[in-house]
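Note sheet for the following structure.
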Amino acid sequence: MTRATARAHPNIALVKYWGKRDEELMLPAAGSLSLTLDAFATTTTVALEGTDDEAAADSFTLNGAAATPAQATRVTRFLDLVRERAGSTARAVVTSHNEAPTGAGLASSASGFAALAVASAAAYGLDLDRTELSRLARRGSGSATRSLVDGLALWHAGHDDASSFAEPIEGPAISMTIVTVDAAEKAVSSREAMRRTAATSPYYAGWVESTTRSLQEMSSACRAGDFTRIGEITESNALRMHAAIEACEPPVRYLRAGSIAVFDAVEQLRADGVESYATADAGPNVVVISRPEDAPAVAEHLDHLGQVRVVGAGPGARLIPAEDPA
Ligand code: DP6
């Protein structure tokens, strides 16, 4: 196949990935656990150029516009890994469409690189299984390794390229209410802030050590279907990540007043008997987890604090027929 189309969805971590122990291989300092969503898909087509002209460049179009030089470089670096494995020098025309509303902090590198991994592997004729695709996606963006998996995904930190991949883990049904409190672009990228946390935060070692323990406990809670414990670990793990980030020098702070207001409202919801727990990634927006039957009450309670959208578990990245680009 010289042309392939794949679709992938973003994921939200319940136990976060924050810090690498190997930047080249993109090995994380600790494992993590996430839910692949059923919304905000990225659909990517990779078509190989007929020519083997090494001087020619890849082209990358995102949502109908030429990508920025930084985005294009990241895609080419990733394709270089695929070409190396495939023994090919063919350049690619990459066309990508992201369904996430711009600025909501959901146009994720996870869905982007998961879709690119699946589409490019097929286009270059590599026959990779799910684990190999998860490992490949990791090289583009750490969190993309988990978007290969349906629903709940456990990313094993691993100790080398072969052992660092995500696989499914059983757990209860979980809804996520996404509260967009601020649609502005983040000031410091997660990649840069991760580096800074590892280099300057006095809490980094504690973060890595506690995340390793939380992941074990979270895995048990998922297998046991213990939603309360899943929620408690989710919220404390997120706050620990932000505490480690906020201790950087120069400082980085992603949570804004509007984010804290959501954490406060979630505490109130719990006091009122609606079990819900908050988490936030490298940005101001907050994701609230609940049992699916409680999601309407959660969304109603948080509606005045931002734009609210309820999502659930979705499929891992896979090839789709080219004539179905929706
Ligand atoms: C806060 O996967 O975007 O969302 O590996 O450098 O591309 P790179 O970083 P990325 O970081 C995600 C960070 C996070 C936590 C998480 O998704 O686990």
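Letters A, B, ... mark the chains of the structure tokens in the order given; residue numbers begin at 1 per chain; ligand numbers begin at 1, in order shown.
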
Proximity check chain A to ligand 1, 9 Å, nearest pairs one decimal Å, only C-alpha atoms and all ligand atoms, as a tab-separated table:
```
residue	atom	partner	partner_atom_place_in_ligand_line	distance
A:Asn11	CA	ligand 1	17 (O)	7.0
A:Ile12	CA	ligand 1	17 (O)	5.9
A:Ala13	CA	ligand 1	18 (O)	4.8
A:Leu14	CA	ligand 1	18 (O)	7.6
A:Val15	CA	ligand 1	18 (O)	6.7
A:Lys16	CA	ligand 1	18 (O)	3.7
A:Tyr17	CA	ligand 1	18 (O)	3.6
A:Trp18	CA	ligand 1	13 (C)	5.7
A:Gly19	CA	ligand 1	6 (O)	8.2
A:Lys20	CA	ligand 1	5 (O)	7.7
A:Glu23	CA	ligand 1	6 (O)	8.4
A:Met26	CA	ligand 1	5 (O)	6.6
A:Leu27	CA	ligand 1	5 (O)	8.7
A:Pro28	CA	ligand 1	5 (O)	8.1
A:Gly31	CA	ligand 1	18 (O)	8.9
A:Ser32	CA	ligand 1	18 (O)	6.2
A:Leu33	CA	ligand 1	18 (O)	7.4
A:Ser34	CA	ligand 1	18 (O)	7.2
A:Ser108	CA	ligand 1	3 (O)	7.2
A:Ser109	CA	ligand 1	3 (O)	5.7
A:Ala110	CA	ligand 1	2 (O)	6.2
A:Arg138	CA	ligand 1	5 (O)	7.3
A:Arg139	CA	ligand 1	5 (O)	8.0
A:Gly140	CA	ligand 1	7 (O)	6.5
A:Ser141	CA	ligand 1	7 (O)	3.4
A:Gly142	CA	ligand 1	5 (O)	3.4
A:Ser143	CA	ligand 1	2 (O)	3.6
A:Ala144	CA	ligand 1	2 (O)	6.3
A:Thr145	CA	ligand 1	2 (O)	8.4
A:Arg146	CA	ligand 1	17 (O)	8.8
A:Ser189	CA	ligand 1	3 (O)	8.0
A:Ser190	CA	ligand 1	11 (O)	5.5
A:Arg191	CA	ligand 1	6 (O)	3.8
A:Glu192	CA	ligand 1	6 (O)	7.5
A:Ala193	CA	ligand 1	6 (O)	9.0
A:Met194	CA	ligand 1	6 (O)	7.3
A:Arg195	CA	ligand 1	6 (O)	8.8
A:Ala238	CA	ligand 1	1 (C)	8.7
A:Met241	CA	ligand 1	1 (C)	8.2
A:Ala280	CA	ligand 1	1 (C)	7.4
A:Asp281	CA	ligand 1	1 (C)	4.0
A:Ala282	CA	ligand 1	1 (C)	4.6
A:Gly283	CA	ligand 1	1 (C)	8.0
```

### Message
Which residues are close to Arg21 of chain A, i.e. within 10 Å by only C-alpha atoms, leaving aside same-chain residues fewer than 6 positions away? Reply as a ChimeraX atom specification.
### Response
/A:27-30,157,159,198

With only C-alpha atoms as the counted atoms, please give the residues lying no more than 9 Å from Pro250 of chain A, apart from itself and same-chain residues fewer than 3 positions off, as a short mmCIF file (atom, residue, chain, number, x, y, z; two decimals) with N, CA and C atoms, in the first residue's frame.
```cif
data_model
loop_
_atom_site.label_atom_id
_atom_site.label_comp_id
_atom_site.auth_asym_id
_atom_site.auth_seq_id
_atom_site.Cartn_x
_atom_site.Cartn_y
_atom_site.Cartn_z
N ARG A 196 11.85 21.06 32.18
CA ARG A 196 12.15 22.01 33.25
C ARG A 196 11.82 21.41 34.62
N THR A 200 14.65 21.21 37.37
CA THR A 200 14.66 22.24 38.43
C THR A 200 13.68 22.02 39.58
N ALA A 247 6.65 24.09 41.05
CA ALA A 247 7.90 24.29 41.79
C ALA A 247 9.10 24.47 40.85
#
```

### Query
Contacts of Glu249 of chain A at 10 Å or less, counting only C-alpha atoms, minus same-chain residues fewer than 2 places along, as a VMD selection string?
chain A and resid 196 to 197 199 to 202 245 to 247 251 to 252

Excluding same-chain residues fewer than 5 positions from segment 294-297 of chain A, what lies within 10 Å of it counting only C-alpha atoms, as a PDB file with N, CA and C atoms, in the first residue's frame?
```
ATOM      1  N   ILE A 174     -16.505   4.827  32.666  1.00  0.00           N
ATOM      2  CA  ILE A 174     -16.197   6.149  33.225  1.00  0.00           C
ATOM      3  C   ILE A 174     -16.627   7.202  32.211  1.00  0.00           C
ATOM      4  N   SER A 175     -17.279   8.261  32.709  1.00  0.00           N
ATOM      5  CA  SER A 175     -17.572   9.419  31.849  1.00  0.00           C
ATOM      6  C   SER A 175     -16.618  10.539  32.204  1.00  0.00           C
ATOM      7  N   MET A 176     -16.326  11.356  31.212  1.00  0.00           N
ATOM      8  CA  MET A 176     -15.486  12.521  31.457  1.00  0.00           C
ATOM      9  C   MET A 176     -16.243  13.767  31.029  1.00  0.00           C
ATOM     10  N   THR A 177     -16.342  14.717  31.940  1.00  0.00           N
ATOM     11  CA  THR A 177     -16.954  16.005  31.620  1.00  0.00           C
ATOM     12  C   THR A 177     -15.812  17.007  31.465  1.00  0.00           C
ATOM     13  N   LEU A 269     -19.732  19.006  44.779  1.00  0.00           N
ATOM     14  CA  LEU A 269     -20.546  17.924  44.216  1.00  0.00           C
ATOM     15  C   LEU A 269     -20.423  16.656  45.064  1.00  0.00           C
ATOM     16  N   VAL A 274     -22.713  13.439  44.823  1.00  0.00           N
ATOM     17  CA  VAL A 274     -22.448  13.049  43.429  1.00  0.00           C
ATOM     18  C   VAL A 274     -20.950  12.782  43.310  1.00  0.00           C
ATOM     19  N   GLU A 275     -20.602  11.514  43.170  1.00  0.00           N
ATOM     20  CA  GLU A 275     -19.174  11.187  43.162  1.00  0.00           C
ATOM     21  C   GLU A 275     -18.509  11.633  41.872  1.00  0.00           C
ATOM     22  N   SER A 276     -17.594  12.586  41.999  1.00  0.00           N
ATOM     23  CA  SER A 276     -16.875  13.102  40.836  1.00  0.00           C
ATOM     24  C   SER A 276     -15.504  13.565  41.292  1.00  0.00           C
ATOM     25  N   VAL A 288     -13.499  16.232  34.465  1.00  0.00           N
ATOM     26  CA  VAL A 288     -14.111  15.680  35.674  1.00  0.00           C
ATOM     27  C   VAL A 288     -14.620  14.280  35.377  1.00  0.00           C
ATOM     28  N   ILE A 289     -14.172  13.318  36.154  1.00  0.00           N
ATOM     29  CA  ILE A 289     -14.629  11.948  35.912  1.00  0.00           C
ATOM     30  C   ILE A 289     -15.784  11.603  36.853  1.00  0.00           C
ATOM     31  N   LEU A 302     -21.536  22.124  36.589  1.00  0.00           N
ATOM     32  CA  LEU A 302     -20.305  22.836  36.196  1.00  0.00           C
ATOM     33  C   LEU A 302     -20.520  23.787  35.015  1.00  0.00           C
ATOM     34  N   ASP A 303     -21.735  23.775  34.498  1.00  0.00           N
ATOM     35  CA  ASP A 303     -22.042  24.506  33.270  1.00  0.00           C
ATOM     36  C   ASP A 303     -21.681  25.997  33.315  1.00  0.00           C
ATOM     37  N   ARG A 309     -18.524  19.613  27.998  1.00  0.00           N
ATOM     38  CA  ARG A 309     -18.799  18.559  27.021  1.00  0.00           C
ATOM     39  C   ARG A 309     -18.548  17.204  27.678  1.00  0.00           C
ATOM     40  N   VAL A 310     -19.547  16.315  27.608  1.00  0.00           N
ATOM     41  CA  VAL A 310     -19.407  14.980  28.214  1.00  0.00           C
ATOM     42  C   VAL A 310     -18.934  13.988  27.153  1.00  0.00           C
ATOM     43  N   VAL A 311     -17.881  13.230  27.465  1.00  0.00           N
ATOM     44  CA  VAL A 311     -17.363  12.213  26.545  1.00  0.00           C
ATOM     45  C   VAL A 311     -17.186  10.897  27.302  1.00  0.00           C
ATOM     46  N   GLY A 312     -16.975   9.831  26.538  1.00  0.00           N
ATOM     47  CA  GLY A 312     -16.791   8.521  27.148  1.00  0.00           C
ATOM     48  C   GLY A 312     -15.643   7.778  26.489  1.00  0.00           C
TER      49      GLY A 312
END
```

Please list as a PDB file with N, CA and C atoms, in the first residue's frame every residue within 9 Å of segment 256-261 of chain A, counting only C-alpha atoms and excluding residues in the same chain fewer than 5 positions away.
```pdb
ATOM      1  N   VAL A 179     -14.337  20.551  31.001  1.00  0.00           N
ATOM      2  CA  VAL A 179     -14.730  21.938  31.270  1.00  0.00           C
ATOM      3  C   VAL A 179     -13.652  22.851  30.697  1.00  0.00           C
ATOM      4  N   THR A 180     -13.985  23.532  29.604  1.00  0.00           N
ATOM      5  CA  THR A 180     -13.034  24.455  28.980  1.00  0.00           C
ATOM      6  C   THR A 180     -13.210  25.812  29.634  1.00  0.00           C
ATOM      7  N   VAL A 181     -12.247  26.169  30.475  1.00  0.00           N
ATOM      8  CA  VAL A 181     -12.359  27.448  31.192  1.00  0.00           C
ATOM      9  C   VAL A 181     -11.611  28.554  30.471  1.00  0.00           C
ATOM     10  N   ASP A 182     -10.680  28.161  29.603  1.00  0.00           N
ATOM     11  CA  ASP A 182      -9.864  29.165  28.919  1.00  0.00           C
ATOM     12  C   ASP A 182      -9.356  28.529  27.628  1.00  0.00           C
ATOM     13  N   VAL A 266     -16.245  20.630  42.213  1.00  0.00           N
ATOM     14  CA  VAL A 266     -16.252  19.160  42.252  1.00  0.00           C
ATOM     15  C   VAL A 266     -16.251  18.675  43.711  1.00  0.00           C
ATOM     16  N   ALA A 280      -6.402  17.646  35.487  1.00  0.00           N
ATOM     17  CA  ALA A 280      -6.072  18.661  34.475  1.00  0.00           C
ATOM     18  C   ALA A 280      -4.711  18.346  33.886  1.00  0.00           C
ATOM     19  N   GLY A 283      -2.480  22.607  31.002  1.00  0.00           N
ATOM     20  CA  GLY A 283      -3.294  23.723  30.555  1.00  0.00           C
ATOM     21  C   GLY A 283      -4.336  24.015  31.606  1.00  0.00           C
ATOM     22  N   PRO A 284      -5.151  25.035  31.387  1.00  0.00           N
ATOM     23  CA  PRO A 284      -6.100  25.461  32.416  1.00  0.00           C
ATOM     24  C   PRO A 284      -7.401  24.662  32.456  1.00  0.00           C
ATOM     25  N   ASN A 285      -7.664  23.847  31.424  1.00  0.00           N
ATOM     26  CA  ASN A 285      -8.965  23.187  31.363  1.00  0.00           C
ATOM     27  C   ASN A 285      -9.003  21.958  32.251  1.00  0.00           C
ATOM     28  N   VAL A 286     -10.194  21.668  32.781  1.00  0.00           N
ATOM     29  CA  VAL A 286     -10.334  20.616  33.788  1.00  0.00           C
ATOM     30  C   VAL A 286     -11.234  19.509  33.246  1.00  0.00           C
ATOM     31  N   LEU A 305     -19.228  27.360  34.764  1.00  0.00           N
ATOM     32  CA  LEU A 305     -17.790  27.613  34.970  1.00  0.00           C
ATOM     33  C   LEU A 305     -16.984  27.539  33.675  1.00  0.00           C
ATOM     34  N   GLY A 306     -17.635  27.159  32.581  1.00  0.00           N
ATOM     35  CA  GLY A 306     -16.928  27.070  31.304  1.00  0.00           C
ATOM     36  C   GLY A 306     -17.805  26.356  30.301  1.00  0.00           C
TER      37      GLY A 306
END
```

### Query
Running DSSP on the backbone, which parts of segment 104-229 of chain A land in alpha helix (DSSP H), as number ranges by chain?
A: 109-123, 130-140, 190-200, 204-224, 227-229

#### Entry: Every residue of segment 46-142 of chain A that DSSP places in strand (DSSP E or B), as a list of chain:residue names
A:Val46, A:Ala47, A:Leu48, A:Ser59, A:Phe60, A:Thr61, A:Leu62, A:Ala65, A:Ala66, A:Ala92, A:Val93, A:Val94, A:Thr95, A:Ser96, A:His97, A:Asn98

Residue contacts of Thr61 of chain A (7 Å, only C-alpha atoms) excluding same-chain residues fewer than 6 positions away, as an mmCIF file with N, CA, C and O atoms, in the first residue's frame:
```cif
data_model
loop_
_atom_site.group_PDB
_atom_site.id
_atom_site.type_symbol
_atom_site.label_atom_id
_atom_site.label_comp_id
_atom_site.auth_asym_id
_atom_site.auth_seq_id
_atom_site.Cartn_x
_atom_site.Cartn_y
_atom_site.Cartn_z
ATOM 1 N N ALA A 67 1.189 23.199 7.424
ATOM 2 C CA ALA A 67 1.626 23.172 8.827
ATOM 3 C C ALA A 67 2.749 24.187 9.055
ATOM 4 O O ALA A 67 3.411 24.618 8.112
ATOM 5 N N VAL A 94 1.262 14.218 3.724
ATOM 6 C CA VAL A 94 0.461 13.922 4.908
ATOM 7 C C VAL A 94 -0.651 14.959 5.018
ATOM 8 O O VAL A 94 -0.391 16.162 5.037
ATOM 9 N N THR A 95 -1.892 14.455 5.082
ATOM 10 C CA THR A 95 -3.040 15.350 5.198
ATOM 11 C C THR A 95 -3.797 14.959 6.450
ATOM 12 O O THR A 95 -4.192 13.804 6.618
ATOM 13 N N SER A 96 -3.965 15.919 7.360
ATOM 14 C CA SER A 96 -4.541 15.583 8.644
ATOM 15 C C SER A 96 -5.692 16.521 8.977
ATOM 16 O O SER A 96 -5.635 17.717 8.688
#
```

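As for atom CA of Ser164 of chain A and atom CA of Leu148 of chain A, they are spaced 13.1 Å apart.
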
### Of the listed residues A:Ile169, A:Leu255, A:Ala224, A:Ala65, that which approaches Ala187 of chain A most closely, counting only C-alpha atoms
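Among the listed residues, the smallest separation from Ala187 of chain A belongs to A:Leu255.
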